[in-house]
Each structure stands twice: as C-alpha cells, then as structure tokens.
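S.K.: Here you go, this is data-v2.cif (mmCIF, C-alpha atoms and all ligand atoms).
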```cif
data_target
#
loop_
_atom_site.label_atom_id
_atom_site.label_comp_id
_atom_site.auth_asym_id
_atom_site.auth_seq_id
_atom_site.Cartn_x
_atom_site.Cartn_y
_atom_site.Cartn_z
CA MET A 285 134.96 146.84 58.02
CA ASN A 286 133.17 148.31 55.04
CA ALA A 287 131.15 151.52 54.82
CA SER A 288 127.87 149.67 55.41
CA VAL A 289 128.96 148.93 59.01
CA ARG A 290 129.27 152.63 59.74
CA GLU A 291 125.85 153.29 58.19
CA GLN A 292 124.27 151.13 60.88
CA PHE A 293 125.09 153.77 63.51
CA PRO A 294 122.56 156.57 63.01
CA ILE A 295 124.25 158.93 65.50
CA LEU A 296 127.35 159.16 63.31
CA ASP A 297 125.35 160.77 60.53
CA GLN A 298 125.33 164.32 61.88
CA GLU A 299 127.31 167.55 61.84
CA VAL A 300 128.94 168.96 64.95
CA ASN A 301 130.05 172.58 64.87
CA GLY A 302 129.54 172.65 61.11
CA HIS A 303 131.64 169.53 60.40
CA PRO A 304 130.66 165.89 59.92
CA LEU A 305 131.06 164.18 63.30
CA VAL A 306 134.20 162.13 63.88
CA TYR A 307 133.62 160.13 67.06
CA LEU A 308 136.89 159.05 68.67
CA ASP A 309 135.73 158.49 72.24
CA SER A 310 134.58 154.89 72.15
CA ALA A 311 136.75 153.87 75.12
CA ALA A 312 134.43 156.06 77.21
CA THR A 313 131.31 154.68 75.57
CA SER A 314 130.62 153.21 72.15
CA GLN A 315 127.86 154.21 69.80
CA LYS A 316 124.89 151.87 69.23
CA PRO A 317 123.89 150.22 65.96
CA ARG A 318 120.31 150.23 64.74
CA ALA A 319 120.00 146.50 65.62
CA VAL A 320 120.50 147.33 69.32
CA LEU A 321 118.21 150.37 69.27
CA ASP A 322 115.53 148.27 67.53
CA ALA A 323 115.89 145.35 69.96
CA VAL A 324 115.36 147.58 73.01
CA ARG A 325 112.47 149.34 71.34
CA ARG A 326 110.86 146.07 70.25
CA TYR A 327 111.24 144.68 73.76
CA TYR A 328 109.43 147.67 75.28
CA GLU A 329 106.79 147.73 72.53
CA TRP A 330 105.96 144.00 72.61
CA ASP A 331 107.45 142.00 75.46
CA ASN A 332 107.86 144.36 78.43
CA SER A 333 106.98 142.63 81.65
CA ASN A 334 108.72 141.63 84.86
CA VAL A 335 110.71 138.40 84.73
CA HIS A 336 110.71 135.13 86.68
CA ARG A 337 107.31 135.74 88.32
CA GLY A 338 104.19 136.03 86.16
CA VAL A 339 102.67 133.06 84.40
CA HIS A 340 101.28 135.29 81.68
CA THR A 341 102.63 135.30 78.13
CA LEU A 342 104.45 138.62 78.30
CA GLY A 343 106.12 137.50 81.52
CA SER A 344 107.38 134.35 79.81
CA ARG A 345 108.57 136.29 76.76
CA ALA A 346 110.44 138.80 78.92
CA THR A 347 112.00 135.97 80.93
CA ASP A 348 113.05 134.15 77.76
CA ALA A 349 114.57 137.35 76.37
CA TYR A 350 116.45 138.06 79.60
CA GLU A 351 117.74 134.51 80.06
CA GLY A 352 118.53 134.30 76.34
CA ALA A 353 120.75 137.35 76.78
CA ARG A 354 122.55 135.63 79.66
CA GLU A 355 123.29 132.67 77.40
CA LYS A 356 124.63 135.01 74.73
CA VAL A 357 127.02 136.68 77.20
CA ALA A 358 128.19 133.27 78.43
CA LYS A 359 128.89 132.03 74.91
CA PHE A 360 130.52 135.31 73.86
CA ILE A 361 133.19 135.17 76.57
CA GLY A 362 133.54 131.38 76.61
CA ALA A 363 131.94 130.64 80.00
CA LYS A 364 131.12 127.02 80.67
CA HIS A 365 127.70 127.64 82.26
CA SER A 366 125.22 130.49 81.81
CA GLU A 367 124.64 130.62 85.60
CA GLU A 368 128.22 131.87 85.85
CA ILE A 369 126.99 135.16 84.36
CA ILE A 370 125.51 137.75 86.71
CA PHE A 371 123.99 140.84 85.18
CA THR A 372 125.28 144.01 86.82
CA ARG A 373 125.13 147.72 86.09
CA GLY A 374 128.57 147.49 84.51
CA THR A 375 132.22 146.76 85.25
CA THR A 376 132.33 148.97 88.33
CA THR A 377 129.43 147.16 90.00
CA ALA A 378 130.84 143.77 89.01
CA LEU A 379 134.26 144.48 90.54
CA ASN A 380 132.69 145.88 93.72
CA LEU A 381 130.61 142.71 94.00
CA VAL A 382 133.75 140.55 94.00
CA ALA A 383 135.55 142.79 96.50
CA ASP A 384 132.54 142.96 98.82
CA SER A 385 131.49 139.33 98.65
CA TYR A 386 134.56 137.20 97.91
CA GLY A 387 136.94 139.74 99.44
CA ASN A 388 135.14 140.23 102.77
CA ALA A 389 134.81 136.49 103.28
CA ASN A 390 138.32 135.45 102.30
CA LEU A 391 140.78 138.19 103.27
CA LYS A 392 142.37 138.99 106.60
CA GLU A 393 145.36 140.81 108.02
CA GLY A 394 148.62 139.59 106.54
CA ASP A 395 147.03 138.73 103.16
CA GLU A 396 147.94 140.63 100.03
CA ILE A 397 146.01 142.05 97.08
CA VAL A 398 148.12 142.66 93.97
CA ILE A 399 147.13 145.20 91.31
CA THR A 400 148.93 147.61 88.96
CA PRO A 401 149.20 151.42 88.98
CA ILE A 402 147.67 151.39 85.48
CA GLU A 403 144.20 150.37 86.64
CA HIS A 404 141.05 152.38 86.10
CA HIS A 405 139.78 153.67 89.48
CA SER A 406 137.03 151.01 89.27
CA ASN A 407 139.67 148.30 89.55
CA LEU A 408 141.63 150.12 92.25
CA ILE A 409 139.34 151.70 94.83
CA PRO A 410 137.28 148.54 95.58
CA TRP A 411 140.60 146.81 96.48
CA GLN A 412 141.85 149.83 98.44
CA GLN A 413 138.62 149.73 100.44
CA LEU A 414 138.83 145.96 100.89
CA ALA A 415 142.40 146.30 102.16
CA LYS A 416 141.24 148.91 104.68
CA ARG A 417 138.31 146.78 105.85
CA THR A 418 140.27 143.56 106.27
CA GLY A 419 143.79 144.76 107.13
CA ALA A 420 145.17 143.11 103.98
CA ALA A 421 148.04 144.86 102.18
CA LEU A 422 147.70 146.36 98.71
CA LYS A 423 150.74 145.75 96.49
CA TYR A 424 151.56 147.02 93.00
CA ILE A 425 153.20 145.34 90.03
CA GLU A 426 155.82 147.73 88.63
CA PRO A 427 155.14 148.49 84.95
CA ASN A 428 157.92 148.75 82.35
CA PRO A 429 158.86 152.31 81.34
CA ASP A 430 156.59 152.02 78.26
CA GLY A 431 153.56 151.07 80.36
CA THR A 432 153.52 147.36 79.52
CA ILE A 433 153.30 144.76 82.29
CA ASP A 434 155.69 141.81 82.35
CA VAL A 435 155.03 138.43 83.90
CA GLU A 436 158.47 138.74 85.55
CA ALA A 437 157.40 141.95 87.29
CA ALA A 438 154.16 140.27 88.34
CA GLY A 439 156.29 137.43 89.73
CA LYS A 440 158.05 139.90 92.02
CA ALA A 441 154.78 141.18 93.47
CA ILE A 442 152.80 137.92 93.77
CA THR A 443 153.75 135.76 96.77
CA ASP A 444 152.21 132.97 98.82
CA SER A 445 150.48 135.70 100.87
CA THR A 446 148.66 136.97 97.77
CA LYS A 447 144.97 136.14 97.83
CA ILE A 448 143.69 138.30 94.97
CA VAL A 449 145.34 139.58 91.80
CA ALA A 450 143.25 142.16 89.92
CA ILE A 451 144.28 143.50 86.53
CA ALA A 452 142.76 144.99 83.39
CA TYR A 453 143.08 142.86 80.28
CA VAL A 454 143.45 146.10 78.30
CA SER A 455 144.37 149.50 79.73
CA ASN A 456 141.89 152.28 79.00
CA VAL A 457 144.61 154.93 78.66
CA MET A 458 147.34 153.28 76.62
CA GLY A 459 145.35 150.46 75.04
CA VAL A 460 147.99 147.93 76.10
CA ILE A 461 147.00 144.25 76.16
CA HIS A 462 148.33 142.69 79.36
CA PRO A 463 149.54 139.05 79.59
CA VAL A 464 146.55 138.03 81.70
CA LYS A 465 146.69 134.31 80.94
CA GLU A 466 150.30 134.07 82.17
CA ILE A 467 149.56 136.21 85.23
CA ALA A 468 146.54 133.98 86.01
CA ALA A 469 148.79 130.90 85.96
CA LEU A 470 151.21 132.67 88.29
CA ALA A 471 148.44 133.72 90.68
CA HIS A 472 147.09 130.16 90.80
CA LYS A 473 150.56 128.77 91.47
CA HIS A 474 150.58 130.87 94.64
CA GLY A 475 147.01 129.91 95.59
CA ALA A 476 145.54 133.32 94.68
CA ILE A 477 142.55 134.07 92.48
CA ILE A 478 142.64 136.48 89.54
CA VAL A 479 140.00 139.11 88.78
CA VAL A 480 140.11 140.53 85.27
CA ASP A 481 138.71 143.95 84.37
CA GLY A 482 137.42 143.30 80.87
CA ALA A 483 135.84 146.72 80.24
CA GLN A 484 138.26 147.52 77.38
CA SER A 485 139.00 144.03 76.10
CA THR A 486 135.51 142.57 75.59
CA PRO A 487 134.48 145.15 72.95
CA HIS A 488 137.64 144.82 70.90
CA MET A 489 138.93 141.24 70.81
CA LYS A 490 137.97 137.61 71.23
CA VAL A 491 137.81 136.71 74.91
CA ASP A 492 137.77 133.20 76.34
CA VAL A 493 137.52 133.15 80.12
CA GLN A 494 138.20 129.41 80.28
CA ASP A 495 141.34 129.75 78.21
CA LEU A 496 142.52 132.69 80.34
CA ASP A 497 141.56 130.61 83.37
CA CYS A 498 140.49 133.77 85.19
CA ASP A 499 138.32 133.39 88.29
CA PHE A 500 136.25 136.52 87.73
CA TYR A 501 135.81 138.72 84.66
CA ALA A 502 133.91 142.02 84.52
CA LEU A 503 132.49 143.79 81.47
CA SER A 504 130.35 146.81 80.52
CA GLY A 505 127.67 146.60 77.83
CA HIS A 506 127.85 150.27 76.86
CA LYS A 507 131.43 149.97 75.61
CA MET A 508 130.53 147.13 73.23
CA CYS A 509 127.61 148.63 71.29
CA GLY A 510 125.08 147.83 74.05
CA PRO A 511 123.02 150.19 76.21
CA THR A 512 124.28 151.97 79.32
CA GLY A 513 123.30 150.51 82.67
CA VAL A 514 124.05 146.88 81.91
CA GLY A 515 127.17 144.77 82.26
CA ALA A 516 128.13 141.41 83.62
CA LEU A 517 130.27 139.58 86.09
CA TYR A 518 131.57 136.15 85.13
CA GLY A 519 132.68 134.00 88.03
CA LYS A 520 133.73 130.37 88.21
CA LYS A 521 130.75 128.40 89.48
CA ALA A 522 132.69 126.80 92.33
CA LEU A 523 133.59 130.26 93.68
CA LEU A 524 130.21 131.91 93.11
CA GLU A 525 128.45 129.03 94.84
CA LYS A 526 130.31 129.78 98.05
CA MET A 527 129.74 133.53 97.95
CA GLU A 528 127.19 135.58 99.88
CA PRO A 529 125.02 138.15 98.08
CA THR A 530 125.78 141.83 98.65
CA GLU A 531 122.30 143.13 97.77
CA PHE A 532 119.18 141.83 99.45
CA GLY A 533 115.50 142.07 98.54
CA GLY A 534 113.09 140.68 95.97
CA GLU A 535 114.04 138.20 93.24
CA MET A 536 117.12 136.84 95.07
CA ILE A 537 115.43 134.94 97.88
CA ASP A 538 114.24 131.39 98.33
CA GLU A 539 112.45 131.39 101.73
CA VAL A 540 111.92 134.50 103.84
CA GLY A 541 111.16 134.24 107.53
CA LEU A 542 110.80 136.97 110.12
CA TYR A 543 114.39 136.60 111.28
CA GLU A 544 116.14 134.41 108.72
CA SER A 545 116.04 134.02 104.97
CA THR A 546 117.64 131.81 102.35
CA TRP A 547 118.85 132.64 98.87
CA LYS A 548 118.07 131.37 95.40
CA ASP A 549 120.58 129.39 93.37
CA LEU A 550 123.05 130.97 90.98
CA PRO A 551 122.92 133.43 89.38
CA TYR A 552 119.73 134.91 90.87
CA ARG A 553 121.00 135.31 94.41
CA PHE A 554 123.28 138.07 93.09
CA GLU A 555 120.52 139.88 91.19
CA GLY A 556 118.37 141.43 93.91
CA GLY A 557 115.37 143.49 92.74
CA THR A 558 113.85 143.76 89.29
CA PRO A 559 116.78 143.07 86.99
CA ILE A 560 118.13 145.09 84.08
CA ILE A 561 115.82 143.40 81.59
CA ALA A 562 115.80 145.82 78.65
CA GLY A 563 119.51 146.44 79.16
CA ALA A 564 120.25 142.73 78.94
CA VAL A 565 118.10 142.45 75.80
CA GLY A 566 120.10 145.31 74.26
CA LEU A 567 123.39 143.70 75.29
CA GLY A 568 122.27 140.42 73.72
CA ALA A 569 121.54 142.26 70.45
CA ALA A 570 124.96 143.95 70.66
CA ILE A 571 126.61 140.55 71.06
CA ASP A 572 124.74 139.26 67.99
CA PHE A 573 125.92 142.30 66.06
CA LEU A 574 129.57 141.92 67.12
CA SER A 575 129.54 138.16 66.57
CA GLU A 576 128.23 138.60 63.05
CA LEU A 577 131.10 140.96 62.23
CA GLY A 578 133.55 138.61 63.95
CA MET A 579 135.72 139.66 66.88
CA ASP A 580 138.91 138.79 65.02
CA ASN A 581 137.89 141.06 62.14
CA ILE A 582 137.09 143.85 64.58
CA ALA A 583 140.45 143.44 66.34
CA GLU A 584 142.32 143.45 63.05
CA HIS A 585 140.46 146.54 61.81
CA GLU A 586 141.23 148.44 65.01
CA HIS A 587 144.85 147.36 65.09
CA ARG A 588 145.28 148.64 61.54
CA LEU A 589 143.66 151.95 62.49
CA ALA A 590 145.82 152.27 65.62
CA MET A 591 149.00 151.64 63.62
CA TYR A 592 147.92 154.17 60.98
CA ALA A 593 147.07 156.71 63.68
CA MET A 594 150.42 156.21 65.44
CA ARG A 595 152.26 156.69 62.17
CA ARG A 596 150.37 159.88 61.31
CA ILE A 597 150.60 161.26 64.84
CA ASN A 598 154.35 160.67 64.89
CA GLU A 599 154.57 162.99 61.87
CA ILE A 600 153.47 165.92 64.05
CA ASP A 601 156.30 167.69 65.83
CA GLY A 602 155.79 168.26 69.54
CA LEU A 603 153.30 165.45 69.93
CA LYS A 604 154.16 162.90 72.60
CA VAL A 605 152.43 159.52 72.52
CA PHE A 606 152.20 157.53 75.77
CA GLY A 607 152.52 153.77 75.85
CA PRO A 608 153.98 151.18 73.51
CA GLN A 609 153.58 151.08 69.73
CA GLU A 610 152.58 147.42 69.70
CA ARG A 611 150.26 144.99 71.54
CA LYS A 612 147.54 147.59 71.44
CA VAL A 613 143.85 147.98 70.79
CA GLY A 614 142.56 151.14 69.12
CA ILE A 615 143.45 153.64 71.84
CA VAL A 616 146.05 156.38 71.35
CA THR A 617 146.94 158.73 74.21
CA PHE A 618 149.05 161.81 73.68
CA ASN A 619 149.91 165.35 74.64
CA LEU A 620 150.68 168.25 72.33
CA ASP A 621 153.61 170.46 73.41
CA ASP A 622 152.58 172.51 76.42
CA VAL A 623 148.97 172.83 75.33
CA HIS A 624 146.55 171.62 78.00
CA PRO A 625 144.73 168.47 76.82
CA HIS A 626 141.38 170.13 77.57
CA ASP A 627 142.30 172.93 75.16
CA VAL A 628 143.32 170.36 72.54
CA ALA A 629 139.98 168.56 72.95
CA THR A 630 138.06 171.85 72.79
CA VAL A 631 139.72 172.95 69.54
CA LEU A 632 139.25 169.47 68.07
CA ASP A 633 135.55 169.64 68.97
CA SER A 634 135.25 172.88 67.03
CA TYR A 635 136.30 170.78 63.99
CA GLY A 636 133.71 168.11 64.83
CA VAL A 637 136.31 165.67 66.22
CA ALA A 638 135.30 164.15 69.58
CA ILE A 639 138.17 162.96 71.76
CA ARG A 640 138.56 162.78 75.55
CA ALA A 641 140.91 164.78 77.77
CA GLY A 642 141.58 164.38 81.48
CA HIS A 643 142.90 161.76 83.85
CA HIS A 644 140.62 159.05 82.36
CA CYS A 645 139.81 157.77 85.88
CA CYS A 646 143.47 156.78 86.26
CA GLN A 647 145.03 159.32 88.60
CA PRO A 648 147.85 157.01 89.84
CA LEU A 649 148.74 156.29 86.20
CA MET A 650 148.85 160.03 85.42
CA ARG A 651 151.30 160.48 88.32
CA TRP A 652 153.33 157.56 87.05
CA LEU A 653 153.43 159.18 83.59
CA ASN A 654 154.33 162.46 85.29
CA VAL A 655 151.46 164.41 83.71
CA SER A 656 148.24 165.84 85.13
CA SER A 657 146.16 164.73 82.18
CA THR A 658 146.32 163.53 78.58
CA ALA A 659 144.32 163.61 75.37
CA ARG A 660 142.96 160.28 74.17
CA ALA A 661 141.57 159.20 70.80
CA SER A 662 139.89 155.80 70.79
CA PHE A 663 138.67 153.93 67.74
CA TYR A 664 136.04 151.31 67.15
CA LEU A 665 134.63 149.22 64.37
CA TYR A 666 132.81 152.19 62.77
CA ASN A 667 135.92 154.37 62.44
CA ASN A 668 138.03 154.54 59.29
CA GLU A 669 141.24 156.10 58.00
CA GLN A 670 139.43 159.28 56.96
CA ASP A 671 138.49 159.78 60.63
CA ILE A 672 142.16 159.61 61.52
CA ASP A 673 143.06 162.01 58.73
CA ARG A 674 140.46 164.42 60.14
CA LEU A 675 142.00 164.01 63.61
CA ILE A 676 145.48 164.74 62.23
CA ASP A 677 144.29 167.79 60.25
CA ALA A 678 142.54 169.14 63.35
CA LEU A 679 145.65 168.50 65.48
CA ILE A 680 147.79 170.41 62.99
CA GLN A 681 145.29 173.30 63.16
CA THR A 682 145.39 173.12 66.98
CA LYS A 683 149.16 173.22 67.00
CA GLU A 684 149.22 176.21 64.64
CA TYR A 685 146.55 177.98 66.69
CA PHE A 686 148.43 177.63 69.98
CA GLY A 687 151.80 178.13 68.32
CA ASP A 688 150.56 181.47 66.94
CA ALA A 689 149.00 182.43 70.24
CA THR A 690 152.21 182.02 72.25
N1 LIG B 1 137.69 149.52 83.81
C1 LIG B 1 138.20 150.06 82.68
C2 LIG B 1 139.49 149.53 82.12
C3 LIG B 1 137.50 151.09 82.06
O1 LIG B 1 138.00 151.62 80.94
C4 LIG B 1 136.28 151.56 82.63
C5 LIG B 1 135.55 152.74 82.04
C6 LIG B 1 135.80 150.93 83.77
C7 LIG B 1 136.53 149.92 84.34
C8 LIG B 1 134.50 151.29 84.39
O2 LIG B 1 133.44 150.93 83.56
P1 LIG B 1 131.95 151.35 83.91
O3 LIG B 1 131.18 150.94 82.69
O4 LIG B 1 131.55 150.62 85.13
O5 LIG B 1 131.98 152.83 84.11
N2 LIG B 1 136.37 153.61 81.31
C9 LIG B 1 136.12 154.87 80.92
C10 LIG B 1 137.04 155.62 80.22
O6 LIG B 1 138.14 155.24 79.87
N3 LIG B 1 136.51 156.84 79.96
O7 LIG B 1 135.28 156.88 80.49
C11 LIG B 1 135.01 155.66 81.09
#
```
Take the structure in the file and write it out as structure tokens.
M.R.:
Amino acid sequence: MNASVREQFPILDQEVNGHPLVYLDSAATSQKPRAVLDAVRRYYEWDNSNVHRGVHTLGSRATDAYEGAREKVAKFIGAKHSEEIIFTRGTTTALNLVADSYGNANLKEGDEIVITPIEHHSNLIPWQQLAKRTGAALKYIEPNPDGTIDVEAAGKAITDSTKIVAIAYVSNVMGVIHPVKEIAALAHKHGAIIVVDGAQSTPHMKVDVQDLDCDFYALSGHKMCGPTGVGALYGKKALLEKMEPTEFGGEMIDEVGLYESTWKDLPYRFEGGTPIIAGAVGLGAAIDFLSELGMDNIAEHEHRLAMYAMRRINEIDGLKVFGPQERKVGIVTFNLDDVHPHDVATVLDSYGVAIRAGHHCCQPLMRWLNVSSTARASFYLYNNEQDIDRLIDALIQTKEYFGDAT
C-alpha cells in the first residue's frame, strides 16, 4: 500500500493530544475512505428515496443503488446468487437471524451446537440462547495452547448429534485464521450446517463462500471501510428458502389478510421495514474501494505489518503477546508486565496512539487466557511501519512511566 492510500482517509489527518493520530483500532471499526463518504453523501443529495415501491425516478434510482450494492456483496464473497445476500445491521444481527430462524425450526433436545471458547460474544450468546430455548446442548472445541483451532480437535467435538457448528473465520483478539473450510467439510460429513462469523475475515482477506462451502456467513460493513449500521448475511439459497422471517412488517410481505399473511421471495422476506439503503450504498462503495486495491494485496500488506509488529514488540522486555506468531491477520494482543491494559491504552492515547483495551467482547476467551483483559493493536490497509514504530516508542515510554512509578 503506498502513501496515497492513506491520504484517502481524511480522519487520519489530525493530531490527538498534540501528536499525529496513529489509529490502531480497526478491528473495532475501520476508518472510511473519501470514496465511501462521497457515495453516501451523493446518495442523500441526489437519489434518496424509499426502495421497491415508488414508480418515480428517484425511487428507481434508489432501488438500483440498493440492489446494485447487494450484487457487489454477493460477488465480493463469491456467492452464487445475489438473493442469497440479506442486508442486516451487522454481524450480530445476521448471526441472531440464523439462530432465531434456522435454529428454532431445526433444533430439539438431544441435538448439539458446536462452537469455540474463542468466539466474540455475538457468535456465542445467540447459540447459548438457542440451546436454552430448544434443549439442545452447547459444546466447545478445545483450542491448542497457542489459541489456534485444529481440525482434529473439531473432530472430537462434532458428532452425528451436531446440527450447527458456528465459528469465526478470524478471531478478533488473536487474529488467528481458523481452518474453516476443513471444519465445514467435517460438519457436513456429520449432517450439520456451518455458520461462519466473517466480521474479521471479510475486511482483510479474499473470501469465497462457495469454496469454503459454508452454509451461512455473516459480515459487518463498518469493519471493511463501510458505514456503521449495515452488514450482511449470506445463506445458501436452499436453506434460506425454507426459513421463516424473524421480523415482520412492511416490505417483507406478499399478501396480508386479517388473520394470515404470506411472505415475499428471497431475500426480501428477511428485510422487514425500510431497509438500510444509504448503508448498503456505502458498503457497495467500500467494496469497490477494497476490490480496486485487491484483497490479496491488502492481506499481504497486513501480514507484513503484523510480522514487523510482533518482531518489534518482542524486543520489549515484560511484554507478553497472546496467540500464535503465524496464520494471522493484522491483530496483535498483548499485556505489559503488571500494568492494567486500560492504563496502557490511556498512556498510549496521550501519545496519539489509539489501541483498544478490555475483554474485546470475549469474556470466555479471557478466562481461557487467564487474564481479565488485554491490550490490542489492530492494523488495516492505511497503517504503515511508522505507525508501528510510534506504537513501540509509546509502549517503551509507558513501561518506563509505570516502572518509575512502582
Ligand atoms: N464477530 C467478531 C469476530 C467481531 O470481531 C465482532 C465485532 C462481531 C462479531 C460483532 O460485530 P458487529 O458489527 O455486529 O458489532 N468486534 C469488535 C471488536 O473486536 N471490538 O469492537 C467490536
């Protein structure tokens, strides 16, 4: 990535606490390039209208923009049909939709749902709730000591009673890439479906849902240069066609009677109410932006940054990095001696370096790591080696500050 990529993100051109901003919190949300900001603005300035109803010109333009965005999402993740893409508020909503619709209809007592203790709460609680509602059992794949997940370990957890396997493609704490394609094959061998949480994979690497052969795949627009409030659920057509909606109202109906109603075809039956039109337009522009840069180039850039960051971080005494050194996207999670991660993040912020501290919505993982919280630096296409040097300098200052204070 050259410097001109970074220049397309106006927010990065500012000082924070007297220092040029170094934004290392993209796993929480990414920044937005001018192309996305302009697309949303242009939509509201020229095309804004409700979709799928009016016959007027603006209505048609808005509908074309919205449906065009759906096609872009489908192509970006390798879906066969654009009606396999349902716009949602984000990954959380997408995963809840699967648990509530597919899960309620297909699970019963004696069935099993298999997940990992590494999951973000969004890919854990919907399954916990589904297990409670249906009497199904929730089972966990045991991770390796370094936080990676092996197909062999998955093989121990997945049985003929397994109905759903749900796993993140990439962990949001350790940045580990999980062997989802192999786990999907295993799930299918046992007659289960696989749901993939793609919140941290879609922004950072090439994704092909047909090659993975996953049944459902969830993503969030705001982590991939798009606006907040928009994401998508991919589902195999044959599965979606059999599923009941979970939200009812306008836009999703075919015929409404006083006591009975029928639903529209895919994907509209899952998009009750006025949809996330401007959000989808912004997500479409984000996909254009990412596609132009090339997902393989983005992945390579981030991998290089992550390796550089690991090397530099390992130079600091007393700094413990969690997770493996390889098979990673640009996420590095660590703790510094006995300093609380919130204190680390606060001192770093005083140097203009934005990182995240806390449990990262992964409390079971924190328990598994035997910590209450961690500090996390996450990189994206606009970061460079100088950002990492600034992080390292600020960490050295933090260490000296707390070392002197104790
Ligand atoms: N799954 C993973 C793996 C995530 O990283 C996140 C958000 C979600 C699901 C939920 O996505 P949402 O867009 O619906 O909120 N992760 C983080 C994070 O790591 N820090 O802040 C949000």
S.K.: Calculated over all atoms listed in the file, which of the candidates A:Gly556, A:Val631, A:His643, A:Asn668 has the smallest distance to A:Gln681?
M.R.: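 Using all atoms listed in the file, A:Gln681 sits closest to A:Val631.
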S.K.: Taking the point (137.0, 145.9, 97.5) as given in the file, collect each protein or nucleic acid residue that comes within 8 Å of it, counting all atoms listed in the file, and present the set as an mmCIF file with C-alpha atoms, in the coordinates of the input.
M.R.:
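This went into result.cif:
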```cif
data_model
loop_
_atom_site.group_PDB
_atom_site.id
_atom_site.type_symbol
_atom_site.label_atom_id
_atom_site.label_comp_id
_atom_site.auth_asym_id
_atom_site.auth_seq_id
_atom_site.Cartn_x
_atom_site.Cartn_y
_atom_site.Cartn_z
ATOM 1 C CA LEU A 379 134.260 144.480 90.540
ATOM 2 C CA ASN A 380 132.690 145.880 93.720
ATOM 3 C CA LEU A 381 130.610 142.710 94.000
ATOM 4 C CA VAL A 382 133.750 140.550 94.000
ATOM 5 C CA ALA A 383 135.550 142.790 96.500
ATOM 6 C CA ASP A 384 132.540 142.960 98.820
ATOM 7 C CA GLY A 387 136.940 139.740 99.440
ATOM 8 C CA ASN A 388 135.140 140.230 102.770
ATOM 9 C CA ILE A 409 139.340 151.700 94.830
ATOM 10 C CA PRO A 410 137.280 148.540 95.580
ATOM 11 C CA TRP A 411 140.600 146.810 96.480
ATOM 12 C CA GLN A 412 141.850 149.830 98.440
ATOM 13 C CA GLN A 413 138.620 149.730 100.440
ATOM 14 C CA LEU A 414 138.830 145.960 100.890
ATOM 15 C CA ALA A 415 142.400 146.300 102.160
#
```
S.K.: My list of candidates is A:Ile370, A:Val540, A:Val306, A:Leu653. Which is closest to A:Leu524 when distances are computed with all atoms listed in the file?
M.R.: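 Looking at the shortest contact to A:Leu524, the residue is A:Ile370.
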S.K.: Please write out the residues within 8 Å of ligand LIG 1 (chain B) as a PyMOL selection string, counting all atoms listed in the file.
M.R.: chain A and resi 309+311-313+373-378+403-407+452-457+481-484+503-507+512-513+515+640+644-645
S.K.: At what distance in Å, to one decimal, does atom CA of A:Ile676 lie from atom CA of A:His624?
M.R.: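 Result for atom CA of A:His624 versus atom CA of A:Ile676: 17.2 Å, one decimal.
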S.K.: Residues near A:Pro463, anyone? I mean within 8 Å using all atoms listed in the file, not counting same-chain ones fewer than 4 positions away, as a CSV table (one decimal) with C-alpha atoms, keeping the file's coordinate frame.
M.R.:
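What ended up in selection_39.csv:
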```csv
chain,number,residue,atom,x,y,z
A,433,ILE,CA,153.3,144.8,82.3
A,434,ASP,CA,155.7,141.8,82.4
A,435,VAL,CA,155.0,138.4,83.9
A,453,TYR,CA,143.1,142.9,80.3
A,467,ILE,CA,149.6,136.2,85.2
```
S.K.: Hey, what's within 12 Å of A:Val637 if we count only C-alpha atoms and toss same-chain stuff fewer than 3 positions away? As a PyMOL selection string, please?
M.R.: chain A and resi 296+298-309+628-634+640+660-662+667+670-679+682
S.K.: Point out the residue among A:Pro551, A:Gly394, A:Gly419, A:Pro511 with the least atom-to-atom distance to A:Ser366, counting all atoms listed in the file.
M.R.: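 Checking each candidate against A:Ser366, we get A:Pro551 as the closest.
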S.K.: May I have the residues within 7 Å of A:Ala468 as a VMD selection string, using only C-alpha atoms and disregarding those fewer than 3 positions away in the same chain?
M.R.: chain A and resid 464 to 465 471 to 472 478 497 to 498
S.K.: So what do you get for atom CA of A:Thr530 versus atom CA of A:Met508, distance-wise?
M.R.: 26.4 Å
S.K.: Check the smallest atom-to-atom distance from each of A:Ile477, A:Ser310, A:Thr658, A:Ala319 to A:Leu391 using all atoms listed in the file, then report the winner.
M.R.: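 Going through A:Ile477, A:Ser310, A:Thr658, A:Ala319 one by one, the smallest distance to A:Leu391 is for A:Ile477.
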